[in-house]
>>> print(open('target.cif').read())   # mmCIF, C-alpha atoms; chains and numbers go by the auth columns
data_data
loop_
_atom_site.group_PDB
_atom_site.id
_atom_site.type_symbol
_atom_site.label_atom_id
_atom_site.label_comp_id
_atom_site.label_asym_id
_atom_site.label_seq_id
_atom_site.Cartn_x
_atom_site.Cartn_y
_atom_site.Cartn_z
_atom_site.B_iso_or_equiv
_atom_site.auth_seq_id
_atom_site.auth_asym_id
ATOM 1 C CA MET A 1 -262.006 -143.926 75.589 0.00 2 A
ATOM 2 C CA LYS A 2 -265.749 -143.898 74.843 0.00 3 A
ATOM 3 C CA LYS A 3 -266.231 -141.022 77.285 0.00 4 A
ATOM 4 C CA LEU A 4 -263.469 -139.019 75.586 0.00 5 A
ATOM 5 C CA ILE A 5 -265.004 -139.589 72.148 0.00 6 A
ATOM 6 C CA LEU A 6 -268.422 -138.515 73.477 0.00 7 A
ATOM 7 C CA VAL A 7 -266.969 -135.356 75.041 0.00 8 A
ATOM 8 C CA ALA A 8 -265.155 -134.435 71.816 0.00 9 A
ATOM 9 C CA LEU A 9 -268.328 -134.947 69.768 0.00 10 A
ATOM 10 C CA LEU A 10 -270.404 -132.866 72.187 0.00 11 A
ATOM 11 C CA VAL A 11 -267.845 -130.053 72.149 0.00 12 A
ATOM 12 C CA SER A 12 -267.669 -130.031 68.363 0.00 13 A
ATOM 13 C CA PHE A 13 -271.436 -130.098 67.906 0.00 14 A
ATOM 14 C CA SER A 14 -272.034 -127.475 70.602 0.00 15 A
ATOM 15 C CA ILE A 15 -269.550 -125.110 68.929 0.00 16 A
ATOM 16 C CA SER A 16 -271.350 -125.603 65.621 0.00 17 A
ATOM 17 C CA ALA A 17 -274.782 -125.174 67.206 0.00 18 A
ATOM 18 C CA PHE A 18 -273.724 -121.958 68.967 0.00 19 A
ATOM 19 C CA ALA A 19 -272.417 -120.528 65.713 0.00 20 A
ATOM 20 C CA GLN A 20 -275.721 -121.159 63.924 0.00 21 A
ATOM 21 C CA ARG A 21 -277.336 -118.175 65.677 0.00 22 A
ATOM 22 C CA SER A 22 -275.292 -115.781 63.569 0.00 23 A
ATOM 23 C CA GLU A 23 -276.411 -114.334 60.235 0.00 24 A
ATOM 24 C CA LYS A 24 -272.882 -114.271 58.801 0.00 25 A
ATOM 25 C CA ASP A 25 -271.494 -116.282 55.858 0.00 26 A
ATOM 26 C CA TRP A 26 -271.396 -120.065 56.185 0.00 27 A
ATOM 27 C CA TYR A 27 -269.270 -122.408 54.058 0.00 28 A
ATOM 28 C CA LEU A 28 -269.290 -126.178 53.576 0.00 29 A
ATOM 29 C CA ASN A 29 -265.977 -127.840 52.641 0.00 30 A
ATOM 30 C CA ILE A 30 -265.873 -131.401 51.289 0.00 31 A
ATOM 31 C CA GLY A 31 -262.877 -133.274 49.921 0.00 32 A
ATOM 32 C CA VAL A 32 -259.925 -135.532 50.637 0.00 33 A
ATOM 33 C CA ASN A 33 -257.007 -135.622 53.057 0.00 34 A
ATOM 34 C CA ALA A 34 -253.629 -137.281 53.414 0.00 35 A
ATOM 35 C CA ILE A 35 -251.577 -137.923 56.554 0.00 36 A
ATOM 36 C CA ASN A 36 -247.821 -137.588 56.991 0.00 37 A
ATOM 37 C CA SER A 37 -247.036 -139.484 60.200 0.00 38 A
ATOM 38 C CA LEU A 38 -243.477 -140.342 59.272 0.00 39 A
ATOM 39 C CA GLY A 39 -241.724 -138.937 62.333 0.00 40 A
ATOM 40 C CA SER A 40 -240.156 -136.021 60.454 0.00 41 A
ATOM 41 C CA GLN A 41 -240.137 -132.316 61.220 0.00 42 A
ATOM 42 C CA SER A 42 -240.590 -131.588 57.505 0.00 43 A
ATOM 43 C CA PRO A 43 -244.170 -131.256 56.246 0.00 44 A
ATOM 44 C CA ILE A 44 -243.155 -132.417 52.738 0.00 45 A
ATOM 45 C CA TYR A 45 -241.105 -135.448 53.796 0.00 46 A
ATOM 46 C CA HIS A 46 -241.660 -138.450 51.449 0.00 47 A
ATOM 47 C CA PRO A 47 -245.134 -137.767 49.933 0.00 48 A
ATOM 48 C CA GLU A 48 -245.096 -141.276 48.431 0.00 49 A
ATOM 49 C CA ASP A 49 -245.406 -142.652 51.986 0.00 50 A
ATOM 50 C CA TRP A 50 -248.313 -140.479 53.121 0.00 51 A
ATOM 51 C CA SER A 51 -251.459 -142.333 54.142 0.00 52 A
ATOM 52 C CA PHE A 52 -254.388 -142.057 51.741 0.00 53 A
ATOM 53 C CA GLN A 53 -256.877 -144.754 52.848 0.00 54 A
ATOM 54 C CA THR A 54 -260.579 -143.698 52.900 0.00 55 A
ATOM 55 C CA PRO A 55 -259.444 -140.048 52.848 0.00 56 A
ATOM 56 C CA ILE A 56 -262.764 -138.278 53.553 0.00 57 A
ATOM 57 C CA ALA A 57 -262.735 -134.726 54.925 0.00 58 A
ATOM 58 C CA ALA A 58 -265.611 -132.337 55.654 0.00 59 A
ATOM 59 C CA ALA A 59 -265.884 -129.021 57.486 0.00 60 A
ATOM 60 C CA VAL A 60 -268.295 -126.221 58.280 0.00 61 A
ATOM 61 C CA GLU A 61 -266.930 -122.696 58.521 0.00 62 A
ATOM 62 C CA LEU A 62 -268.501 -119.512 59.836 0.00 63 A
ATOM 63 C CA ASN A 63 -266.942 -116.163 58.941 0.00 64 A
ATOM 64 C CA TRP A 64 -267.948 -113.869 61.763 0.00 65 A
ATOM 65 C CA THR A 65 -265.924 -110.960 60.329 0.00 66 A
ATOM 66 C CA GLU A 66 -264.234 -110.304 57.015 0.00 67 A
ATOM 67 C CA LYS A 67 -260.909 -111.686 58.259 0.00 68 A
ATOM 68 C CA PHE A 68 -261.812 -114.169 61.024 0.00 69 A
ATOM 69 C CA ALA A 69 -263.648 -117.493 60.900 0.00 70 A
ATOM 70 C CA ILE A 70 -264.227 -120.556 63.036 0.00 71 A
ATOM 71 C CA GLU A 71 -264.205 -124.003 61.480 0.00 72 A
ATOM 72 C CA GLN A 72 -265.285 -127.423 62.718 0.00 73 A
ATOM 73 C CA SER A 73 -263.947 -130.356 60.696 0.00 74 A
ATOM 74 C CA ILE A 74 -264.095 -134.124 60.689 0.00 75 A
ATOM 75 C CA THR A 75 -261.678 -136.331 58.768 0.00 76 A
ATOM 76 C CA PHE A 76 -261.359 -140.045 58.194 0.00 77 A
ATOM 77 C CA ASN A 77 -258.345 -141.898 56.865 0.00 78 A
ATOM 78 C CA GLY A 78 -256.394 -145.014 57.741 0.00 79 A
ATOM 79 C CA PHE A 79 -253.181 -146.979 57.675 0.00 80 A
ATOM 80 C CA THR A 80 -252.728 -150.442 56.190 0.00 81 A
ATOM 81 C CA THR A 81 -249.970 -152.925 56.948 0.00 82 A
ATOM 82 C CA GLU A 82 -248.161 -151.540 53.887 0.00 83 A
ATOM 83 C CA ASN A 83 -248.072 -147.978 55.260 0.00 84 A
ATOM 84 C CA ARG A 84 -245.336 -146.455 57.352 0.00 85 A
ATOM 85 C CA ILE A 85 -245.946 -144.736 60.694 0.00 86 A
ATOM 86 C CA ASP A 86 -242.985 -143.022 62.365 0.00 87 A
ATOM 87 C CA SER A 87 -240.062 -145.441 62.223 0.00 88 A
ATOM 88 C CA ASP A 88 -242.134 -148.556 61.439 0.00 89 A
ATOM 89 C CA TYR A 89 -241.266 -149.346 57.827 0.00 90 A
ATOM 90 C CA ASN A 90 -243.954 -151.727 56.572 0.00 91 A
ATOM 91 C CA ASN A 91 -244.047 -153.394 59.986 0.00 92 A
ATOM 92 C CA LEU A 92 -247.607 -152.564 61.021 0.00 93 A
ATOM 93 C CA LYS A 93 -249.201 -155.752 62.263 0.00 94 A
ATOM 94 C CA GLU A 94 -252.751 -154.618 61.512 0.00 95 A
ATOM 95 C CA ASP A 95 -254.729 -151.914 59.713 0.00 96 A
ATOM 96 C CA TYR A 96 -255.633 -148.769 61.653 0.00 97 A
ATOM 97 C CA ASN A 97 -258.459 -146.305 61.080 0.00 98 A
ATOM 98 C CA TYR A 98 -257.895 -142.589 61.586 0.00 99 A
ATOM 99 C CA LEU A 99 -260.557 -140.223 62.938 0.00 100 A
ATOM 100 C CA SER A 100 -260.001 -136.561 63.665 0.00 101 A
ATOM 101 C CA LEU A 101 -262.262 -133.777 64.968 0.00 102 A
ATOM 102 C CA ASP A 102 -260.693 -130.319 64.828 0.00 103 A
ATOM 103 C CA THR A 103 -261.830 -126.833 65.798 0.00 104 A
ATOM 104 C CA HIS A 104 -259.850 -123.960 64.276 0.00 105 A
ATOM 105 C CA VAL A 105 -259.889 -120.186 64.307 0.00 106 A
ATOM 106 C CA LYS A 106 -258.786 -118.857 60.926 0.00 107 A
ATOM 107 C CA TYR A 107 -257.305 -115.507 59.994 0.00 108 A
ATOM 108 C CA TYR A 108 -257.515 -114.451 56.327 0.00 109 A
ATOM 109 C CA PHE A 109 -254.491 -112.258 55.619 0.00 110 A
ATOM 110 C CA GLY A 110 -254.123 -112.437 51.821 0.00 111 A
ATOM 111 C CA GLU A 111 -255.364 -108.896 51.316 0.00 112 A
ATOM 112 C CA HIS A 112 -252.291 -107.609 53.189 0.00 113 A
ATOM 113 C CA ILE A 113 -249.977 -109.309 50.682 0.00 114 A
ATOM 114 C CA LEU A 114 -252.009 -109.390 47.450 0.00 115 A
ATOM 115 C CA GLY A 115 -254.014 -106.203 47.870 0.00 116 A
ATOM 116 C CA ASP A 116 -257.549 -105.764 46.517 0.00 117 A
ATOM 117 C CA ARG A 117 -256.591 -106.591 42.912 0.00 118 A
ATOM 118 C CA ILE A 118 -256.608 -110.375 43.374 0.00 119 A
ATOM 119 C CA ASP A 119 -259.926 -111.005 45.124 0.00 120 A
ATOM 120 C CA TRP A 120 -260.317 -114.576 43.812 0.00 121 A
ATOM 121 C CA LEU A 121 -257.386 -115.814 45.942 0.00 122 A
ATOM 122 C CA GLU A 122 -257.430 -115.921 49.735 0.00 123 A
ATOM 123 C CA LEU A 123 -254.574 -116.906 52.043 0.00 124 A
ATOM 124 C CA TYR A 124 -255.124 -117.882 55.666 0.00 125 A
ATOM 125 C CA VAL A 125 -253.532 -119.281 58.799 0.00 126 A
ATOM 126 C CA ASN A 126 -255.386 -121.365 61.328 0.00 127 A
ATOM 127 C CA ALA A 127 -254.849 -122.532 64.890 0.00 128 A
ATOM 128 C CA GLY A 128 -256.900 -124.654 67.213 0.00 129 A
ATOM 129 C CA ILE A 129 -257.319 -127.921 69.035 0.00 130 A
ATOM 130 C CA GLY A 130 -258.051 -131.407 67.823 0.00 131 A
ATOM 131 C CA PHE A 131 -259.035 -134.865 68.892 0.00 132 A
ATOM 132 C CA PHE A 132 -257.694 -137.812 66.924 0.00 133 A
ATOM 133 C CA HIS A 133 -257.551 -141.585 67.120 0.00 134 A
ATOM 134 C CA ILE A 134 -255.266 -144.120 65.417 0.00 135 A
ATOM 135 C CA ASP A 135 -254.412 -146.856 67.910 0.00 136 A
ATOM 136 C CA GLU A 136 -255.238 -144.928 71.060 0.00 137 A
ATOM 137 C CA THR A 137 -256.799 -141.495 71.523 0.00 138 A
ATOM 138 C CA ASN A 138 -255.040 -138.166 71.826 0.00 139 A
ATOM 139 C CA MET A 139 -255.641 -134.425 71.760 0.00 140 A
ATOM 140 C CA SER A 140 -253.529 -131.997 69.730 0.00 141 A
ATOM 141 C CA ALA A 141 -252.642 -128.365 69.365 0.00 142 A
ATOM 142 C CA ASN A 142 -252.986 -127.554 65.666 0.00 143 A
ATOM 143 C CA LEU A 143 -251.279 -124.919 63.550 0.00 144 A
ATOM 144 C CA GLY A 144 -251.534 -124.552 59.795 0.00 145 A
ATOM 145 C CA GLY A 145 -252.416 -122.522 56.781 0.00 146 A
ATOM 146 C CA GLY A 146 -253.884 -122.685 53.347 0.00 147 A
ATOM 147 C CA VAL A 147 -255.064 -121.093 50.161 0.00 148 A
ATOM 148 C CA LEU A 148 -258.617 -120.708 48.854 0.00 149 A
ATOM 149 C CA VAL A 149 -259.217 -120.110 45.137 0.00 150 A
ATOM 150 C CA TRP A 150 -262.693 -118.847 44.170 0.00 151 A
ATOM 151 C CA LEU A 151 -263.836 -120.281 40.835 0.00 152 A
ATOM 152 C CA ASN A 152 -266.735 -117.884 40.189 0.00 153 A
ATOM 153 C CA ASN A 153 -267.249 -114.134 40.527 0.00 154 A
ATOM 154 C CA SER A 154 -269.972 -114.466 43.158 0.00 155 A
ATOM 155 C CA ARG A 155 -267.533 -116.349 45.431 0.00 156 A
ATOM 156 C CA THR A 156 -269.947 -119.198 46.085 0.00 157 A
ATOM 157 C CA PHE A 157 -267.742 -122.059 44.834 0.00 158 A
ATOM 158 C CA GLY A 158 -264.014 -122.598 45.217 0.00 159 A
ATOM 159 C CA LEU A 159 -261.167 -124.978 45.948 0.00 160 A
ATOM 160 C CA ARG A 160 -258.877 -124.916 48.939 0.00 161 A
ATOM 161 C CA ALA A 161 -255.627 -126.611 49.886 0.00 162 A
ATOM 162 C CA GLN A 162 -254.292 -126.570 53.426 0.00 163 A
ATOM 163 C CA THR A 163 -251.659 -128.119 55.663 0.00 164 A
ATOM 164 C CA ILE A 164 -252.085 -128.610 59.398 0.00 165 A
ATOM 165 C CA GLY A 165 -249.380 -129.591 61.858 0.00 166 A
ATOM 166 C CA LYS A 166 -250.878 -131.563 64.750 0.00 167 A
ATOM 167 C CA PHE A 167 -248.824 -131.544 67.935 0.00 168 A
ATOM 168 C CA ALA A 168 -250.016 -134.292 70.284 0.00 169 A
ATOM 169 C CA PHE A 169 -250.399 -133.352 73.946 0.00 170 A
ATOM 170 C CA ASN A 170 -248.725 -136.492 75.328 0.00 171 A
ATOM 171 C CA HIS A 171 -246.789 -137.701 72.291 0.00 172 A
ATOM 172 C CA PRO A 172 -243.889 -139.454 74.083 0.00 173 A
ATOM 173 C CA ASP A 173 -246.290 -142.032 75.562 0.00 174 A
ATOM 174 C CA SER A 174 -248.911 -142.213 72.832 0.00 175 A
ATOM 175 C CA GLY A 175 -247.633 -144.881 70.443 0.00 176 A
ATOM 176 C CA TYR A 176 -248.853 -144.151 66.922 0.00 177 A
ATOM 177 C CA ASP A 177 -251.098 -141.309 68.144 0.00 178 A
ATOM 178 C CA ASP A 178 -248.366 -138.687 68.100 0.00 179 A
ATOM 179 C CA ASN A 179 -247.342 -135.600 66.113 0.00 180 A
ATOM 180 C CA HIS A 180 -248.223 -135.614 62.414 0.00 181 A
ATOM 181 C CA TYR A 181 -249.193 -133.450 59.445 0.00 182 A
ATOM 182 C CA GLN A 182 -252.507 -133.524 57.640 0.00 183 A
ATOM 183 C CA TYR A 183 -253.209 -132.136 54.158 0.00 184 A
ATOM 184 C CA HIS A 184 -256.590 -131.268 52.662 0.00 185 A
ATOM 185 C CA LEU A 185 -257.850 -130.616 49.151 0.00 186 A
ATOM 186 C CA GLN A 186 -261.507 -129.586 49.292 0.00 187 A
ATOM 187 C CA ALA A 187 -264.341 -128.028 47.338 0.00 188 A
ATOM 188 C CA VAL A 188 -265.845 -124.990 49.112 0.00 189 A
ATOM 189 C CA PHE A 189 -269.538 -124.118 48.836 0.00 190 A
ATOM 190 C CA LYS A 190 -271.106 -120.960 50.250 0.00 191 A
ATOM 191 C CA LEU A 191 -274.330 -121.867 52.051 0.00 192 A
#
>>> encode(input="target.cif", output="structure tokens")
Amino acid sequence: MKKLILVALLVSFSISAFAQRSEKDWYLNIGVNAINSLGSQSPIYHPEDWSFQTPIAAAVELNWTEKFAIEQSITFNGFTTENRIDSDYNNLKEDYNYLSLDTHVKYYFGEHILGDRIDWLELYVNAGIGFFHIDETNMSANLGGGVLVWLNNSRTFGLRAQTIGKFAFNHPDSGYDDNHYQYHLQAVFKL
């Protein structure tokens, strides 16, 4: 497990280091996250049961074109014995920490729907891979989307909300480390 964590960290940092050679726009995202690991196919299934323990989320994003970006994120969260994971209703025998490292490619498509008139609102979809740990360790294929609202005319500060579906590579044998949804609410700062 330690080797897998080290490999994931090296991959995430090497992607970020490679991207630093560009002179394009960089963004820092900091905020909170919640996890829906309730064993449902619905991303809005029982929000009162989502996990919200130490919900720290941070990401660095590089826009290499007007419509495409790459993002590296790290999130922390956790589950207590009072939380629900999959079909375990308040039966967790111990607390679990959650760590996730995700690399996403994002496509900003809002201009196609909203036109040029609403430039303070951006819509995007993202796809990528992730590494996460609850009880064991797993990798995931990620697919999601979100909205970014710019709060000033210079587009240097905004808020974003996004949902990501994480599809575990070996979910039938992974215990608690299986498919789940993750939600983010973050402040966005142009660097």
>>> closest_atom_pairs(input="target.cif", of="range 69-116 of chain A", to="range 128-146 of chain A", cutoff="7 Å", atoms="all atoms listed in the file", output="tab-separated table")
residue	atom	partner	partner_atom	distance
A:Tyr97	CA	A:Ile135	CA	6.0
A:Asn98	CA	A:Ile135	CA	5.8
A:Tyr99	CA	A:Ile135	CA	4.9
A:Leu100	CA	A:His134	CA	5.3
A:Ser101	CA	A:Phe133	CA	4.2
A:Leu102	CA	A:Phe132	CA	5.2
A:Asp103	CA	A:Gly131	CA	4.1
A:Thr104	CA	A:Gly129	CA	5.6
A:His105	CA	A:Gly129	CA	4.2
A:Val106	CA	A:Ala128	CA	5.6
A:Lys107	CA	A:Ala128	CA	6.7
>>> resolve_selection(input="target.cif", expression="the PyMOL selection byres ((chain A and resi 188) around 6)", output="PyMOL selection string")
chain A and resi 30-31+159-160+187+189
>>> atom_distance(input="target.cif", atom1="CA of Tyr28 in chain A", atom2="CA of Phe190 in chain A")
5.5 Å
>>> resolve_selection(input="target.cif", expression="the PyMOL selection byres ((chain A and resi 109) around 12)", output="list in words")
Asn64, Trp65, Thr66, Glu67, Lys68, Phe69, Ala70, Ile71, Val106, Lys107, Tyr108, Phe110, Gly111, Glu112, His113, Ile114, Leu115, Asp120, Leu122, Glu123, Leu124, Tyr125, Val126, Asn127, Gly146, Gly147, Val148 and Leu149 of chain A
>>> atom_distance(input="target.cif", atom1="CA of Phe158 in chain A", atom2="CA of Trp121 in chain A")
10.6 Å
>>> atom_distance(input="target.cif", atom1="CA of Val61 in chain A", atom2="CA of Lys25 in chain A")
12.8 Å
>>> closest_residue(input="target.cif", among="A:Leu186, A:Lys191, A:Asp117, A:Lys94", to="Ile57 in chain A", atoms="only C-alpha atoms")
A:Leu186
>>> residues_around(input="target.cif", residues="Gln54 in chain A", least_positions_apart="4", cutoff="7 Å", atoms="only C-alpha atoms", output="ChimeraX atom specification")
/A:78-80
>>> residues_around(input="target.cif", residues="Gly166 in chain A", least_positions_apart="2", cutoff="8 Å", atoms="only C-alpha atoms", output="list in words")
Pro44, Asn143, Leu144, Gly145, Thr164, Phe168, Asn180, His181, Tyr182 and Gln183 of chain A
>>> residues_around(input="target.cif", residues="His185 in chain A", least_positions_apart="3", cutoff="9 Å", atoms="all atoms listed in the file", output="PyMOL selection string")
chain A and resi 32-35+58+161-165
>>> write_last_selection(input="target.cif", atoms="C-alpha atoms", output="mmCIF file, keeping the file's coordinate frame")
data_model
loop_
_atom_site.group_PDB
_atom_site.id
_atom_site.type_symbol
_atom_site.label_atom_id
_atom_site.label_comp_id
_atom_site.auth_asym_id
_atom_site.auth_seq_id
_atom_site.Cartn_x
_atom_site.Cartn_y
_atom_site.Cartn_z
ATOM 1 C CA GLY A 32 -262.877 -133.274 49.921
ATOM 2 C CA VAL A 33 -259.925 -135.532 50.637
ATOM 3 C CA ASN A 34 -257.007 -135.622 53.057
ATOM 4 C CA ALA A 35 -253.629 -137.281 53.414
ATOM 5 C CA ALA A 58 -262.735 -134.726 54.925
ATOM 6 C CA ARG A 161 -258.877 -124.916 48.939
ATOM 7 C CA ALA A 162 -255.627 -126.611 49.886
ATOM 8 C CA GLN A 163 -254.292 -126.570 53.426
ATOM 9 C CA THR A 164 -251.659 -128.119 55.663
ATOM 10 C CA ILE A 165 -252.085 -128.610 59.398
#
